[in-house]
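Single-structure report; data block below.
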Amino acid sequence: MNSIRRFFVDRESLAPALVTLFAAVFSLLAGIVLIFIVSKQPLQSVQNFLLAPFLRSYNFYYLLIVMVPITFTGLALCVVYQLRYMSLIVDASLYVGAVVATAIGTQISLPAGIHPAVAMLAAGLVGGLIGLLPAILKIRWRANELVSSLMLNYVFYFLGSFIILYYLRDRSQTILSSLPFKRTFLLPRLVPNTQLHVGFLIAAAFVALVTIFLYRTRWGYEIRITGANPRFAMYAGIPVTTVVLYAHFISGFLGGVGGAVEMSGLYRAFIWQMDPSYAWDGVIVAMLARRNPKFVPVSALFLAYLRVGADFMSRRGDVAFEFITLLQGLIILILASDRIVNYFKERRLRKQVLKSQGESR
């Protein structure tokens with residue numbers, strides 16, 4: 001009897017994984033169909049889209065580089081999603097974290113190794129304070145955290161751009177660029193003659209740390225219980241308000257560290273003339289990972305694979321890079337639809353009912 005019960009429980013637990021797999025496969029197939037519709041050389045475009053990330057070692061290293069920032073934003077959103085909150089302030093945390101790291105990387109002299117670590121810590125703290133704002137607005141004035149975070153993202157984007165433009169800009173450059181980073185600020189390369197940097201390992205370390213935090217510590221347990229049932233958590237003596245605040249601080253901290261890692265690992269100066277908008281990538285990564293940080297590297301790899309393939313296809317073909325936004329929208333639409341999961345559950349229950357009716361006869 002226990003084995004039968006375990007069998008059905010396992011099948012039920014597989015339903016979210018099947019939906020995630022379906023979202024990934026369906027988005028790829030939809031992308032291929034779209035390429036055949038709009039491209040004059042569809043076979044070549046499909047080949048560039050699907051195989052370009054693996055045709056050259058440079059492309060593969062580029063794939064790993066793209067993973068780094070969306071891994072941090074994916075981890076950040078996994079934390080707030082455990083609370084069932086929909087805050088996207090991690091975009092501002094990452095951008096301002098990059099600005100803070102730029103200030104430390106250009107204005108302060110520290111030994112190698114210590115320099116980027118101090119920048120990451122400072123960027124993380126500032127990013128954490130920014131991450132608190134939607135939570136405070138929600139607790140104090142019941143403001144919708146999605147709306148407030150989206151509005152605050154613009155505020156901090158222009159604030160960061162103002163700091164770069166008027167205080168850290170390199171006046172000798174014709175483009176909007178900060179002063180060059182000091183050499184001690186730069187992270188070393190993992191592979192010679194590539195741009196793959198130590199930030200990749202730092203992101204992997206944070207995946208392990210966030211997983212341990214959420215599933216092996218009291219604070220992570222409080223976050224998950226509060227997200228599952230805030231009223232029960234309150235009756236159980238969990239300080240719900242405090243949990244919401246420190247969860248948002250940790251989420252913003254991860255975003256700030258991600259911005260600092262991106263600056264010290266990939267760039268020689270701050271050259272972001274537009275908001276990179278990694279938050280929506282983090283949304284997809286967190287949804288594909290089902291809010292579990294240990295699956296974030298897999299979902300980040302998949303999303304990076306789509307983005308790198310679309311990038312090479314747009315450079316070598318006639319399909320614009322923006323078509324990737326359609327695929328991302330399809331992934332979000334499928335994963336956000338509870339009807340798909342309910343369909344698998346209803347189908348299983350219907351079979352059980354029919355089987356029980358047949359046995360009763």
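In the structure tokens, each chain is lettered A, B, ... as it comes, each chain's residues begin at 1, and ligands are numbered from 1 in order of appearance.
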
Spatial neighbours of Arg307 of chain A, max dist 7 Å, only C-alpha atoms, sep filter under 4 positions, as a compact mmCIF listing (two decimals) with C-alpha atoms, in the first residue's frame:
# COMPACT_ATOMS: atom_id res chain seq x y z
CA LEU A 303 18.29 30.93 -21.09
CA ASP A 311 22.72 36.74 -30.92
CA ILE A 324 14.13 36.04 -28.29

Could the residues of segment 87-161 of chain A that have an atom at most 6 Å from segment 229-250 of chain A be listed as JSON lines, each with its closest atom pair and the distance in Å to one decimal, counting only C-alpha atoms and ordered by chain and ascending residue number?
{"residue": "A:Gly128", "atom": "CA", "partner": "A:Phe249", "partner_atom": "CA", "distance": 4.2}
{"residue": "A:Gly131", "atom": "CA", "partner": "A:Phe249", "partner_atom": "CA", "distance": 5.3}
{"residue": "A:Leu132", "atom": "CA", "partner": "A:Phe249", "partner_atom": "CA", "distance": 5.4}

Inset, instruction - Could you give me, as a ChimeraX atom specification, each residue of segment 1-182 of chain A that DSSP assigns to helix (DSSP H, G or I) when run on this structure's backbone? - result: /A:2-38,42-55,57-82,90-107,114-141,145-168

Those residues you just picked out, can you put them in a file as a compact mmCIF listing (two decimals), in the first residue's frame with C-alpha atoms?
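What ended up in again_23.txt:
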# COMPACT_ATOMS: atom_id res chain seq x y z
CA ASN A 2 2.82 2.40 0.86
CA SER A 3 4.53 1.67 -2.45
CA ILE A 4 1.34 2.52 -4.36
CA ARG A 5 0.91 5.76 -2.43
CA ARG A 6 4.56 6.65 -3.02
CA PHE A 7 4.11 5.98 -6.74
CA PHE A 8 1.26 8.46 -7.06
CA VAL A 9 3.02 11.05 -4.90
CA ASP A 10 6.10 10.80 -7.11
CA ARG A 11 3.96 11.22 -10.21
CA GLU A 12 2.31 14.28 -8.72
CA SER A 13 5.68 15.79 -7.85
CA LEU A 14 6.80 15.24 -11.45
CA ALA A 15 4.02 17.44 -12.83
CA PRO A 16 5.86 20.78 -12.31
CA ALA A 17 9.01 19.29 -13.83
CA LEU A 18 7.03 18.13 -16.86
CA VAL A 19 5.53 21.60 -17.27
CA THR A 20 9.01 23.14 -17.09
CA LEU A 21 10.31 20.68 -19.68
CA PHE A 22 7.30 21.38 -21.87
CA ALA A 23 7.92 25.15 -21.63
CA ALA A 24 11.56 24.71 -22.67
CA VAL A 25 10.85 22.35 -25.58
CA PHE A 26 7.82 24.29 -26.79
CA SER A 27 9.74 27.58 -26.79
CA LEU A 28 12.50 26.00 -28.88
CA LEU A 29 10.01 24.54 -31.37
CA ALA A 30 8.12 27.83 -31.54
CA GLY A 31 11.39 29.62 -32.22
CA ILE A 32 12.20 27.25 -35.07
CA VAL A 33 8.74 27.72 -36.60
CA LEU A 34 9.09 31.49 -36.33
CA ILE A 35 12.48 31.37 -38.04
CA PHE A 36 11.01 29.42 -40.96
CA ILE A 37 8.26 32.02 -41.27
CA VAL A 38 10.39 35.18 -41.30
CA PRO A 42 15.66 29.32 -42.53
CA LEU A 43 17.95 26.29 -42.43
CA GLN A 44 21.05 28.43 -41.98
CA SER A 45 19.31 30.55 -39.36
CA VAL A 46 18.13 27.51 -37.42
CA GLN A 47 21.63 26.07 -37.51
CA ASN A 48 23.07 29.31 -36.15
CA PHE A 49 20.39 29.47 -33.47
CA LEU A 50 20.70 25.89 -32.23
CA LEU A 51 24.35 25.02 -32.85
CA ALA A 52 26.31 28.29 -32.78
CA PRO A 53 26.91 28.19 -28.99
CA PHE A 54 28.79 24.89 -29.42
CA LEU A 55 30.52 25.28 -32.78
CA SER A 57 35.10 27.19 -27.93
CA TYR A 58 34.81 31.00 -27.89
CA ASN A 59 31.05 30.73 -28.32
CA PHE A 60 30.80 28.26 -25.44
CA TYR A 61 32.81 30.49 -23.12
CA TYR A 62 30.57 33.37 -24.14
CA LEU A 63 27.61 31.20 -23.12
CA LEU A 64 29.10 30.74 -19.64
CA ILE A 65 29.80 34.48 -19.36
CA VAL A 66 26.16 35.30 -20.15
CA MET A 67 25.10 32.92 -17.37
CA VAL A 68 26.76 34.92 -14.59
CA PRO A 69 24.48 37.97 -14.17
CA ILE A 70 21.24 36.06 -14.77
CA THR A 71 22.35 33.48 -12.21
CA PHE A 72 22.57 36.22 -9.59
CA THR A 73 19.20 37.72 -10.54
CA GLY A 74 17.67 34.25 -10.67
CA LEU A 75 18.91 33.51 -7.15
CA ALA A 76 17.63 36.88 -5.93
CA LEU A 77 14.16 36.24 -7.31
CA CYS A 78 14.12 32.69 -5.93
CA VAL A 79 14.36 34.20 -2.45
CA VAL A 80 11.45 36.64 -2.88
CA TYR A 81 9.40 34.05 -4.78
CA GLN A 82 9.61 31.81 -1.73
CA VAL A 90 16.66 43.40 -8.21
CA ASP A 91 17.13 45.28 -11.49
CA ALA A 92 17.86 48.47 -9.56
CA SER A 93 20.00 46.57 -7.04
CA LEU A 94 22.16 45.13 -9.80
CA TYR A 95 22.52 48.43 -11.66
CA VAL A 96 23.30 50.53 -8.60
CA GLY A 97 25.57 47.75 -7.33
CA ALA A 98 27.52 48.10 -10.57
CA VAL A 99 27.72 51.87 -10.02
CA VAL A 100 28.95 51.43 -6.44
CA ALA A 101 31.53 48.91 -7.61
CA THR A 102 32.60 51.37 -10.31
CA ALA A 103 33.18 54.08 -7.71
CA ILE A 104 35.30 51.72 -5.61
CA GLY A 105 37.10 50.35 -8.66
CA THR A 106 38.06 53.80 -9.94
CA GLN A 107 38.49 55.94 -6.81
CA ILE A 114 40.73 42.51 -1.53
CA HIS A 115 39.71 45.25 -3.96
CA PRO A 116 36.93 43.36 -5.80
CA ALA A 117 35.81 41.71 -2.54
CA VAL A 118 35.29 45.11 -0.89
CA ALA A 119 33.44 46.32 -3.97
CA MET A 120 31.15 43.28 -3.92
CA LEU A 121 30.41 43.73 -0.23
CA ALA A 122 29.65 47.44 -0.61
CA ALA A 123 27.54 46.85 -3.72
CA GLY A 124 25.68 44.05 -1.95
CA LEU A 125 24.87 46.23 1.06
CA VAL A 126 23.59 49.08 -1.10
CA GLY A 127 21.65 46.62 -3.25
CA GLY A 128 20.14 45.09 -0.12
CA LEU A 129 18.94 48.48 1.13
CA ILE A 130 17.36 49.13 -2.26
CA GLY A 131 15.72 45.71 -2.14
CA LEU A 132 14.01 46.67 1.13
CA LEU A 133 12.03 49.54 -0.41
CA PRO A 134 9.17 47.60 -2.10
CA ALA A 135 8.77 45.48 1.04
CA ILE A 136 8.56 48.57 3.25
CA LEU A 137 6.01 50.17 0.93
CA LYS A 138 3.97 46.95 0.95
CA ILE A 139 4.05 46.59 4.73
CA ARG A 140 3.50 50.25 5.60
CA TRP A 141 1.09 51.39 2.88
CA GLU A 145 5.35 45.44 -4.78
CA LEU A 146 5.40 44.75 -8.53
CA VAL A 147 4.26 48.27 -9.42
CA SER A 148 6.47 50.01 -6.86
CA SER A 149 9.56 47.99 -7.84
CA LEU A 150 9.08 48.72 -11.55
CA MET A 151 8.75 52.44 -10.84
CA LEU A 152 11.74 52.46 -8.49
CA ASN A 153 13.86 50.72 -11.11
CA TYR A 154 13.62 53.82 -13.29
CA VAL A 155 14.43 56.09 -10.35
CA PHE A 156 17.62 54.21 -9.51
CA TYR A 157 18.60 53.79 -13.14
CA PHE A 158 18.62 57.54 -13.66
CA LEU A 159 20.30 58.07 -10.28
CA GLY A 160 23.08 55.66 -11.23
CA SER A 161 23.44 57.25 -14.67
CA PHE A 162 23.66 60.68 -13.02
CA ILE A 163 26.50 59.51 -10.75
CA ILE A 164 28.43 58.05 -13.68
CA LEU A 165 27.84 61.09 -15.87
CA TYR A 166 28.77 63.82 -13.39
CA TYR A 167 31.19 62.16 -10.96
CA LEU A 168 32.85 59.12 -12.53

Legend entry - Among listed residues A:Leu254, A:Ile89, A:Ala203, A:Ile175, nearest Pro297 of chain A (using only C-alpha atoms):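 Going through A:Leu254, A:Ile89, A:Ala203, A:Ile175 one by one, the smallest distance to Pro297 of chain A is for A:Ala203.
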
Inset, instruction - Considering only C-alpha atoms, state which residue in the set A:Arg183, A:Ala320, A:Gly265, A:Thr174 is at the smallest distance from Leu201 of chain A. - result: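 Among the listed residues, the smallest separation from Leu201 of chain A belongs to A:Gly265.
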
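One finds atom CA of Phe206 of chain A at 28.3 Å from atom CA of Leu333 of chain A.
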